[in-house]
$ cat work.txt   # compact mmCIF, C-alpha atoms
# COMPACT_ATOMS: atom_id res chain seq x y z
CA MET A 1 0.00 0.00 0.00
CA THR A 2 1.15 3.51 -0.80
CA PHE A 3 0.35 6.54 1.33
CA VAL A 4 0.92 10.22 0.70
CA TYR A 5 0.50 13.18 3.01
CA LEU A 6 -0.93 16.68 2.64
CA ASP A 7 -0.14 19.26 5.34
CA ILE A 8 -2.90 21.86 5.56
CA CYS A 9 -2.84 25.51 6.63
CA ILE A 10 -5.83 27.73 7.32
CA ALA A 11 -5.14 31.46 7.45
CA GLU A 12 -1.40 30.66 7.37
CA LYS A 13 -1.73 28.51 10.51
CA ASP A 14 -0.73 24.85 10.31
CA ILE A 15 -3.69 22.71 11.40
CA GLY A 16 -2.30 19.28 10.69
CA ARG A 17 -1.57 16.41 8.35
CA VAL A 18 -3.92 14.41 6.15
CA VAL A 19 -2.71 10.96 5.05
CA VAL A 20 -4.23 9.38 1.95
CA GLN A 21 -4.17 5.71 0.97
CA LEU A 22 -3.95 5.30 -2.81
CA PHE A 23 -5.97 2.72 -4.76
CA GLU A 24 -3.00 1.57 -6.86
CA ASP A 25 -4.61 -1.63 -8.12
CA ASP A 26 -7.96 -0.11 -9.11
CA ALA A 27 -6.75 3.30 -10.32
CA PRO A 28 -3.07 2.88 -11.29
CA LEU A 29 -2.83 5.91 -13.57
CA ALA A 30 -4.42 8.39 -11.14
CA SER A 31 -2.62 6.88 -8.15
CA GLU A 32 0.80 7.12 -9.76
CA ASN A 33 0.07 10.63 -10.99
CA PHE A 34 -0.93 11.76 -7.50
CA ARG A 35 1.97 9.95 -5.82
CA LYS A 36 4.56 11.49 -8.13
CA LEU A 37 3.07 14.98 -7.91
CA CYS A 38 3.16 14.73 -4.09
CA GLN A 39 6.71 13.36 -4.13
CA ASP A 40 7.87 16.19 -6.40
CA LYS A 41 6.11 18.77 -4.16
CA GLU A 42 3.90 19.92 -7.03
CA TYR A 43 0.92 20.30 -4.69
CA GLN A 44 2.95 22.42 -2.27
CA ASN A 45 1.41 25.90 -1.82
CA THR A 46 -1.69 25.00 -3.86
CA PHE A 47 -5.10 26.14 -2.70
CA MET A 48 -8.10 24.21 -1.49
CA HIS A 49 -10.07 26.56 -3.69
CA LYS A 50 -13.71 25.51 -3.22
CA ILE A 51 -15.51 24.18 -0.15
CA ILE A 52 -19.07 22.95 -0.55
CA LYS A 53 -20.25 21.83 2.87
CA THR A 54 -21.53 18.22 3.10
CA PHE A 55 -20.42 17.71 -0.52
CA ILE A 56 -16.79 18.21 -1.59
CA ILE A 57 -13.53 20.15 -1.17
CA GLN A 58 -11.87 20.98 -4.50
CA CYS A 59 -8.07 21.14 -4.70
CA GLY A 60 -5.04 20.39 -6.84
CA ASP A 61 -4.70 23.35 -9.23
CA THR A 62 -0.92 23.36 -9.63
CA SER A 63 -1.11 26.29 -12.09
CA VAL A 64 -2.02 28.84 -9.39
CA LYS A 65 -0.06 28.77 -6.13
CA ASP A 66 0.11 30.83 -2.95
CA GLU A 67 3.42 32.34 -3.98
CA GLY A 68 4.75 35.76 -5.03
CA GLU A 69 2.08 38.18 -6.25
CA ASN A 70 -0.62 35.51 -6.00
CA ALA A 71 -0.25 35.52 -2.21
CA LEU A 72 -1.44 39.14 -2.22
CA LYS A 73 -4.17 38.81 -4.86
CA TYR A 74 -6.28 36.07 -3.24
CA PRO A 75 -9.15 35.46 -3.90
CA ALA A 76 -8.89 37.35 -7.21
CA LEU A 77 -7.06 34.48 -8.89
CA PRO A 78 -7.93 32.16 -11.82
CA LEU A 79 -8.34 29.18 -9.51
CA GLY A 80 -9.65 25.79 -10.59
CA LEU A 81 -10.21 26.62 -14.23
CA ASN A 82 -10.74 23.87 -16.78
CA GLY A 83 -7.29 23.18 -18.20
CA ASN A 84 -5.36 24.28 -15.11
CA GLY A 85 -3.01 21.78 -13.51
CA LYS A 86 -0.54 19.21 -14.81
CA SER A 87 -0.02 15.48 -15.14
CA ILE A 88 3.06 13.26 -15.15
CA TYR A 89 2.04 11.85 -18.53
CA ASN A 90 3.76 14.47 -20.71
CA ASN A 91 1.35 16.93 -19.12
CA GLN A 92 -1.48 15.33 -21.11
CA TYR A 93 -4.90 14.29 -19.88
CA PHE A 94 -5.16 10.66 -18.83
CA GLN A 95 -8.08 8.28 -19.03
CA ASP A 96 -10.78 7.55 -16.47
CA GLU A 97 -10.61 4.45 -14.28
CA ASN A 98 -12.28 2.98 -11.22
CA LEU A 99 -15.59 4.72 -11.90
CA ILE A 100 -17.21 3.27 -8.79
CA ASP A 101 -20.04 4.57 -6.64
CA ILE A 102 -19.15 7.64 -4.58
CA ASP A 103 -20.96 6.32 -1.55
CA LYS A 104 -19.07 7.75 1.46
CA PRO A 105 -17.02 10.67 2.68
CA PHE A 106 -13.23 11.06 2.46
CA LEU A 107 -12.84 9.60 -1.03
CA LEU A 108 -10.35 11.29 -3.38
CA CYS A 109 -11.66 11.68 -6.92
CA MET A 110 -10.29 13.27 -10.07
CA SER A 111 -11.91 16.51 -11.26
CA ASN A 112 -12.73 16.16 -14.96
CA PHE A 113 -15.10 19.09 -15.58
CA GLY A 114 -17.75 16.72 -16.94
CA GLU A 115 -15.54 15.45 -19.75
CA LYS A 116 -14.45 11.85 -20.26
CA ASN A 117 -10.77 11.01 -19.88
CA HIS A 118 -10.05 14.62 -18.85
CA ASN A 119 -7.80 14.16 -15.78
CA LYS A 120 -4.68 16.04 -14.73
CA SER A 121 -3.88 17.20 -11.17
CA GLN A 122 -7.14 18.71 -9.95
CA PHE A 123 -9.09 16.52 -7.54
CA PHE A 124 -11.77 16.68 -4.87
CA ILE A 125 -12.34 15.12 -1.45
CA THR A 126 -15.86 13.98 -0.65
CA LEU A 127 -17.52 15.15 2.57
CA ASP A 128 -20.50 12.81 2.25
CA LYS A 129 -21.83 10.33 -0.27
CA ALA A 130 -22.51 11.90 -3.67
CA ILE A 131 -24.59 9.36 -5.58
CA HIS A 132 -25.30 11.77 -8.45
CA LEU A 133 -21.58 11.55 -9.29
CA ASN A 134 -21.55 7.74 -9.45
CA GLY A 135 -19.67 6.45 -12.47
CA LYS A 136 -18.50 9.92 -13.55
CA HIS A 137 -15.17 10.41 -11.72
CA THR A 138 -12.05 8.35 -11.13
CA VAL A 139 -11.86 7.35 -7.47
CA PHE A 140 -8.19 6.89 -6.59
CA GLY A 141 -7.81 7.11 -2.81
CA ILE A 142 -9.28 7.58 0.64
CA VAL A 143 -8.30 9.61 3.72
CA LYS A 144 -6.66 7.23 6.19
CA TYR A 145 -5.63 9.70 8.89
CA GLY A 146 -6.59 13.31 9.55
CA LYS A 147 -10.34 13.18 9.01
CA SER A 148 -10.70 15.90 11.64
CA ILE A 149 -8.46 18.13 9.50
CA ILE A 150 -10.84 17.67 6.57
CA ARG A 151 -13.82 18.52 8.78
CA GLU A 152 -12.03 21.66 9.95
CA VAL A 153 -11.55 22.72 6.34
CA GLU A 154 -15.21 21.92 5.62
CA ASN A 155 -16.25 24.43 8.29
CA VAL A 156 -14.26 27.34 6.85
CA GLU A 157 -16.57 30.17 5.77
CA VAL A 158 -17.02 30.81 2.05
CA TYR A 159 -17.83 34.03 0.20
CA SER A 160 -21.06 32.73 -1.30
CA ASN A 161 -23.24 29.64 -1.65
CA LYS A 162 -24.76 30.83 -4.93
CA GLN A 163 -23.34 29.15 -8.00
CA SER A 164 -23.89 32.29 -10.09
CA ASP A 165 -21.51 34.35 -7.92
CA SER A 166 -17.91 34.70 -9.07
CA ASN A 167 -16.60 33.68 -5.64
CA ALA A 168 -19.07 30.85 -5.09
CA TRP A 169 -17.76 28.42 -2.44
CA VAL A 170 -14.36 30.14 -2.34
CA PRO A 171 -13.01 30.23 1.24
CA THR A 172 -12.95 33.68 2.82
CA THR A 173 -9.54 32.85 4.25
CA LYS A 174 -6.78 30.99 2.44
CA VAL A 175 -6.73 27.21 2.82
CA VAL A 176 -3.43 25.91 1.47
CA ILE A 177 -1.59 22.61 1.09
CA ASN A 178 1.73 23.85 2.47
CA ASP A 179 3.59 20.54 2.12
CA CYS A 180 3.13 17.09 0.60
CA GLY A 181 5.07 13.90 0.05
CA ILE A 182 5.27 10.15 0.59
CA TRP A 183 4.17 8.89 4.01
CA GLU A 184 5.22 5.62 5.68
CA GLU A 185 4.05 3.94 8.87
CA GLY A 186 5.77 5.61 11.82
CA ASP A 187 6.06 9.00 10.11
CA PRO A 188 4.60 12.03 11.95
CA LEU A 189 0.85 12.56 12.13
CA HIS A 190 0.71 16.05 13.62
CA ASN A 191 -2.73 17.44 14.37
CA HIS A 192 -3.16 20.86 15.99
CA ILE A 193 -6.96 20.82 16.25
CA ALA A 194 -7.49 17.43 17.89
CA CYS A 195 -5.74 15.12 20.33
CA THR A 196 -5.05 11.76 18.68
CA ASP A 197 -3.49 10.12 21.76
CA GLN A 198 -5.37 6.84 22.34
CA ILE A 199 -4.74 6.89 26.09
CA GLY A 200 -7.60 5.24 27.97
CA GLY A 201 -8.78 3.38 24.87
CA ASP A 202 -9.99 6.31 22.78
CA ILE A 203 -9.71 4.91 19.25
CA TYR A 204 -12.57 7.02 17.90
CA GLU A 205 -12.69 9.74 15.27
CA GLU A 206 -13.25 13.36 16.18
CA TYR A 207 -16.80 13.27 14.80
CA PRO A 208 -19.15 10.33 15.53
CA ASP A 209 -20.31 9.87 11.93
CA ASP A 210 -16.72 9.55 10.69
CA ASN A 211 -16.02 6.29 12.53
CA ASP A 212 -15.55 3.20 10.41
CA ILE A 213 -15.38 0.52 13.10
CA GLU A 214 -17.10 -2.80 12.53
CA GLY A 215 -19.96 -3.37 14.98
CA LEU A 216 -20.08 0.22 16.17
CA ASP A 217 -23.74 1.26 16.33
CA PHE A 218 -24.56 4.76 17.51
CA GLU A 219 -28.27 3.99 17.22
CA ASN A 220 -27.67 2.00 20.39
CA ALA A 221 -27.80 4.50 23.27
CA GLU A 222 -25.90 2.24 25.68
CA GLN A 223 -23.04 1.80 23.21
CA SER A 224 -23.03 5.52 22.45
CA TYR A 225 -22.78 6.28 26.15
CA LYS A 226 -19.92 3.80 26.60
CA VAL A 227 -17.92 5.34 23.75
CA THR A 228 -18.50 8.88 25.03
CA SER A 229 -17.42 7.80 28.51
CA ILE A 230 -14.21 6.31 27.13
CA ILE A 231 -13.38 9.61 25.40
CA LYS A 232 -14.15 11.55 28.58
CA GLU A 233 -11.93 9.20 30.61
CA SER A 234 -9.13 9.66 28.07
CA ALA A 235 -9.40 13.42 28.61
CA THR A 236 -9.33 12.94 32.38
CA LEU A 237 -6.13 10.89 32.18
CA LEU A 238 -4.49 13.67 30.16
CA LEU A 239 -5.66 16.19 32.75
CA LYS A 240 -4.06 14.16 35.54
CA GLN A 241 -0.81 14.28 33.57
CA LYS A 242 -1.20 18.08 33.36
CA ARG A 243 -1.32 17.92 29.56
CA TYR A 244 -3.86 20.71 29.59
CA ASP A 245 -4.03 21.61 25.89
CA GLU A 246 -4.51 17.99 24.82
CA SER A 247 -6.93 17.38 27.65
CA LEU A 248 -9.13 20.29 26.61
CA LEU A 249 -9.24 19.02 23.02
CA LYS A 250 -10.35 15.62 24.32
CA PHE A 251 -13.04 17.08 26.56
CA ARG A 252 -14.35 19.07 23.59
CA LYS A 253 -14.51 15.85 21.62
CA ALA A 254 -16.38 14.12 24.45
CA LEU A 255 -18.80 17.07 24.57
CA ARG A 256 -19.36 16.79 20.81
CA TYR A 257 -20.22 13.09 21.20
CA CYS A 258 -22.55 13.94 24.09
CA ASN A 259 -24.41 16.53 22.04
CA GLU A 260 -24.62 14.51 18.83
CA LEU A 261 -25.48 11.14 20.38
CA LEU A 262 -27.85 12.37 23.11
CA PRO A 263 -31.02 10.23 22.96
CA ASP A 264 -34.50 11.72 23.08
CA ASP A 265 -35.67 12.24 26.66
CA GLU A 266 -39.14 10.91 25.86
CA SER A 267 -38.09 7.68 24.16
CA ASN A 268 -35.20 6.85 26.50
CA LYS A 269 -35.34 8.95 29.67
CA GLU A 270 -32.83 6.79 31.55
CA MET A 271 -30.06 7.17 28.97
CA PHE A 272 -30.92 10.83 28.43
CA ASP A 273 -30.31 11.47 32.13
CA LYS A 274 -27.04 9.51 32.07
CA PHE A 275 -25.79 11.55 29.13
CA GLN A 276 -26.72 14.78 30.91
CA GLU A 277 -24.80 13.70 34.01
CA LEU A 278 -21.81 12.88 31.83
CA LYS A 279 -22.09 16.26 30.14
CA LYS A 280 -22.09 17.90 33.57
CA THR A 281 -18.79 16.27 34.55
CA ILE A 282 -17.29 17.22 31.18
CA TYR A 283 -18.11 20.90 31.71
CA LEU A 284 -16.74 20.71 35.26
CA ASN A 285 -13.46 19.32 33.99
CA MET A 286 -13.29 21.80 31.13
CA SER A 287 -13.61 24.67 33.60
CA LEU A 288 -10.74 23.19 35.64
CA VAL A 289 -8.54 22.84 32.55
CA ALA A 290 -9.30 26.43 31.51
CA LEU A 291 -8.44 27.67 34.99
CA ASN A 292 -5.11 25.81 34.91
CA LYS A 293 -4.42 27.28 31.47
CA GLN A 294 -5.16 30.73 32.93
CA ASP A 295 -7.88 31.14 30.31
CA TYR A 296 -10.21 32.85 32.77
CA ASN A 297 -12.86 34.01 30.32
CA GLN A 298 -13.24 30.47 28.99
CA CYS A 299 -13.42 29.12 32.54
CA ILE A 300 -16.28 31.53 33.23
CA ASN A 301 -18.03 30.38 30.05
CA TYR A 302 -17.80 26.69 30.95
CA CYS A 303 -19.10 27.35 34.46
CA GLY A 304 -21.93 29.39 32.97
CA PHE A 305 -22.91 26.59 30.57
CA LEU A 306 -23.04 24.21 33.51
CA LEU A 307 -25.20 26.49 35.64
CA GLN A 308 -27.63 26.82 32.73
CA MET A 309 -28.20 23.06 32.52
CA GLU A 310 -31.67 22.86 33.99
CA SER A 311 -31.97 19.09 33.59
CA VAL A 312 -29.14 18.22 36.00
CA LYS A 313 -28.75 18.77 39.72
CA LEU A 314 -25.41 19.84 41.15
CA SER A 315 -24.12 18.35 44.36
CA ASP A 316 -22.82 20.74 47.01
CA VAL A 317 -19.26 19.72 46.19
CA GLN A 318 -19.79 20.40 42.47
CA ALA A 319 -21.52 23.73 43.11
CA SER A 320 -18.73 24.88 45.44
CA LYS A 321 -16.14 23.99 42.79
CA ILE A 322 -18.00 26.07 40.22
CA PHE A 323 -18.26 29.12 42.47
CA TYR A 324 -14.60 28.83 43.46
CA ARG A 325 -13.50 28.66 39.81
CA LEU A 326 -15.77 31.54 38.88
CA GLY A 327 -14.53 33.60 41.83
CA LYS A 328 -10.88 32.86 41.06
CA SER A 329 -11.38 33.77 37.39
CA TYR A 330 -13.12 37.06 38.17
CA HIS A 331 -10.36 37.81 40.69
CA MET A 332 -7.64 37.27 38.06
CA LEU A 333 -9.59 39.47 35.62
CA LYS A 334 -9.65 42.17 38.34
CA LYS A 335 -13.43 42.08 38.59
CA TYR A 336 -13.23 42.05 42.36
CA ASP A 337 -16.83 42.88 43.25
CA ILE A 338 -18.19 40.05 41.10
CA ALA A 339 -15.51 37.74 42.47
CA LEU A 340 -16.51 38.60 46.05
CA GLU A 341 -20.20 38.02 45.39
CA THR A 342 -19.48 34.69 43.68
CA LEU A 343 -17.15 33.45 46.40
CA LYS A 344 -19.71 34.31 49.08
CA LYS A 345 -22.17 32.01 47.30
CA GLY A 346 -19.56 29.29 47.39
CA ALA A 347 -18.91 29.90 51.08
CA MET A 348 -22.61 29.51 51.85
CA ILE A 349 -22.54 26.05 50.27
CA ALA A 350 -19.15 24.96 51.63
CA PRO A 351 -18.21 27.22 54.58
CA ASN A 352 -15.20 25.08 55.53
CA ASP A 353 -13.70 24.76 52.07
CA PRO A 354 -10.10 26.01 52.48
CA SER A 355 -9.72 27.13 48.86
CA ILE A 356 -12.87 29.24 48.97
CA LYS A 357 -11.96 30.70 52.37
CA HIS A 358 -8.48 31.68 51.20
CA GLU A 359 -9.73 33.19 47.94
CA LEU A 360 -12.50 35.05 49.76
CA GLU A 361 -10.00 36.53 52.22
CA THR A 362 -7.66 37.54 49.38
CA VAL A 363 -10.38 39.28 47.36
CA SER A 364 -11.86 40.95 50.47
CA LYS A 365 -8.45 42.36 51.37
CA ILE A 366 -7.91 43.69 47.83
CA ILE A 367 -11.27 45.46 47.93
CA GLN A 368 -10.58 46.90 51.41
CA ASP A 369 -7.08 48.08 50.42
CA THR A 370 -8.46 49.67 47.26
CA LYS A 371 -11.08 51.56 49.27
CA LYS A 372 -8.41 52.75 51.72
CA GLU A 373 -6.23 53.98 48.86
CA GLU A 374 -9.14 55.85 47.28
CA LYS A 375 -10.10 57.38 50.62
CA ALA A 376 -6.52 58.52 51.18
CA LYS A 377 -6.40 60.12 47.71
CA PHE A 378 -9.57 62.09 48.29
CA ALA A 379 -8.46 63.12 51.79
CA LYS A 380 -5.22 64.46 50.33
CA PHE A 381 -7.11 66.26 47.57
CA PHE A 382 -9.38 68.14 50.01
CA SER A 383 -6.75 68.85 52.68
$ encode --input "work.txt" --output "structure tokens"
Amino acid sequence: MTFVYLDICIAEKDIGRVVVQLFEDDAPLASENFRKLCQDKEYQNTFMHKIIKTFIIQCGDTSVKDEGENALKYPALPLGLNGNGKSIYNNQYFQDENLIDIDKPFLLCMSNFGEKNHNKSQFFITLDKAIHLNGKHTVFGIVKYGKSIIREVENVEVYSNKQSDSNAWVPTTKVVINDCGIWEEGDPLHNHIACTDQIGGDIYEEYPDDNDIEGLDFENAEQSYKVTSIIKESATLLLKQKRYDESLLKFRKALRYCNELLPDDESNKEMFDKFQELKKTIYLNMSLVALNKQDYNQCINYCGFLLQMESVKLSDVQASKIFYRLGKSYHMLKKYDIALETLKKGAMIAPNDPSIKHELETVSKIIQDTKKEEKAKFAKFFS
């Protein structure tokens, strides 16, 4: 098996690596063309020039790159035109092959502009099944690793969704393949938008629908809950290791699974309640991670989301943790009056909690000292 990699940037920020498995036996011409173009860095600095959500991402125009004057002209560039690109076959078009059903996401297909045997370097990546394209495009590969990177690209805003517009489906910010090449097992798989560490048994994709595991059935609420719990536990293990950035990415993933797999409360009240309890602990842990990262505004947000969950009841211990984290965050943001009010609520629930008592004393002293300083200033002014 042959694999190639595409490193993707959004707004000049590296988001990670996509690894593609090539269908060498079924599409030898397209596979070899793509492999050689990646090896020779021909796709380097090319644009992902059209993004049609839940359909495709179009790429591979080697005629127009994010280099020189083009870097300043985007999006006013002749991107993705019929005839743009190159092939390894004396730069001529090559014939169609492997015209199979396009029945799932993450397939790589040649762009042929509706013409038979009209393939060069331009290609597209499917974001869902596209049955109306069955039998019309060469299918030459599939995304093996980095599905979350593709989903991140899918969610980039575009200028317009109207086909008649000149900038239809063109990303409002540059999405660029900034490197490419041959990939072998053991080579890096960097991902800056997701944590791929399988600690705690998390073998699952970033989005539930992107999993391709035999026997996995997300229509089964018990199985969905088990998977979500595994992801949450993976995040907790990372938190215990003080790997805060990775932990937060994992908790966000667990939250996504919670939200997307949550059963209906009327048809399965028991599992609905279990998911809500799990969601509560996820928000609690996310607030702790944010506090440790000194991201105080985000900590406040996570605590706020938790307090707004009407369907779950907080224990006294959980409530005191929330008010402490809120109070600490407001303190660090120098919003002392709000911090004091919040910490007093925590003290009413847990009057002997040493963390709350210490923080309450600290904030109270700051407020008192500030008042003394202001009083002294005014006294000096009127003396």
$ residues_around --input "work.txt" --residues "Gln308 (chain A)" --least-positions-apart "6" --cutoff "12 Å" --atoms "all atoms listed in the file" --output "VMD selection string"
chain A and resid 280 283 301 to 302 314
$ residues_around --input "work.txt" --residues "region 96-101 of chain A" --least-positions-apart "6" --cutoff "6 Å" --atoms "only C-alpha atoms" --output "number ranges by chain"
A: 26-27, 117, 134-135, 137-139
$ atom_distance --input "work.txt" --atom1 "CA of Glu115 (chain A)" --atom2 "CA of Leu133 (chain A)"
12.7 Å
$ closest_residue --input "work.txt" --among "A:Glu157, A:Asp61, A:Glu233, A:Asp316" --to "Gly80 (chain A)" --atoms "all atoms listed in the file"
A:Asp61
$ residues_around --input "work.txt" --residues "Phe47 (chain A)" --least-positions-apart "4" --cutoff "9 Å" --atoms "all atoms listed in the file" --output "PyMOL selection string"
chain A and resi 43+58-62+64-66+79+174-178
$ residues_around --input "work.txt" --residues "Asn90 (chain A)" --least-positions-apart "3" --cutoff "12 Å" --atoms "all atoms listed in the file" --output "count of residues only"
6
$ closest_residue --input "work.txt" --among "A:Asp165, A:Glu152, A:Asp14, A:Asp103" --to "His192 (chain A)" --atoms "only C-alpha atoms"
A:Asp14
$ residues_around --input "work.txt" --residues "Lys321 (chain A)" --least-positions-apart "6" --cutoff "10 Å" --atoms "all atoms listed in the file" --output "NGL selection string"
:A and (284 or 287-288 or 303 or 315 or 327 or 346 or 350 or 353 or 355-356)
$ atom_distance --input "work.txt" --atom1 "CA of Tyr159 (chain A)" --atom2 "CA of Leu77 (chain A)"
14.1 Å
$ closest_residue --input "work.txt" --among "A:Ile182, A:Leu108, A:Val153, A:Ile142" --to "Thr2 (chain A)" --atoms "all atoms listed in the file"
A:Ile182
$ atom_distance --input "work.txt" --atom1 "CA of Ser164 (chain A)" --atom2 "CA of Ile52 (chain A)"
14.2 Å
$ closest_residue --input "work.txt" --among "A:Gly16, A:Pro354, A:Gly304, A:Gly85" --to "Ile150 (chain A)" --atoms "all atoms listed in the file"
A:Gly16
$ closest_residue --input "work.txt" --among "A:Ile131, A:Leu248, A:Val20, A:Val317" --to "Lys144 (chain A)" --atoms "all atoms listed in the file"
A:Val20
$ closest_residue --input "work.txt" --among "A:Gly141, A:Pro208, A:Gly68, A:Gly181" --to "Phe123 (chain A)" --atoms "all atoms listed in the file"
A:Gly141
$ residues_near_point --input "work.txt" --point "(-17.2, 20.9, -3.9)" --cutoff "9 Å" --atoms "all atoms listed in the file" --output "ChimeraX atom specification"
/A:50-58,124-127,169
$ residues_near_point --input "work.txt" --point "(-31.1, 19.8, 34.0)" --cutoff "9 Å" --atoms "all atoms listed in the file" --output "PyMOL selection string"
chain A and resi 273+276-277+308-313
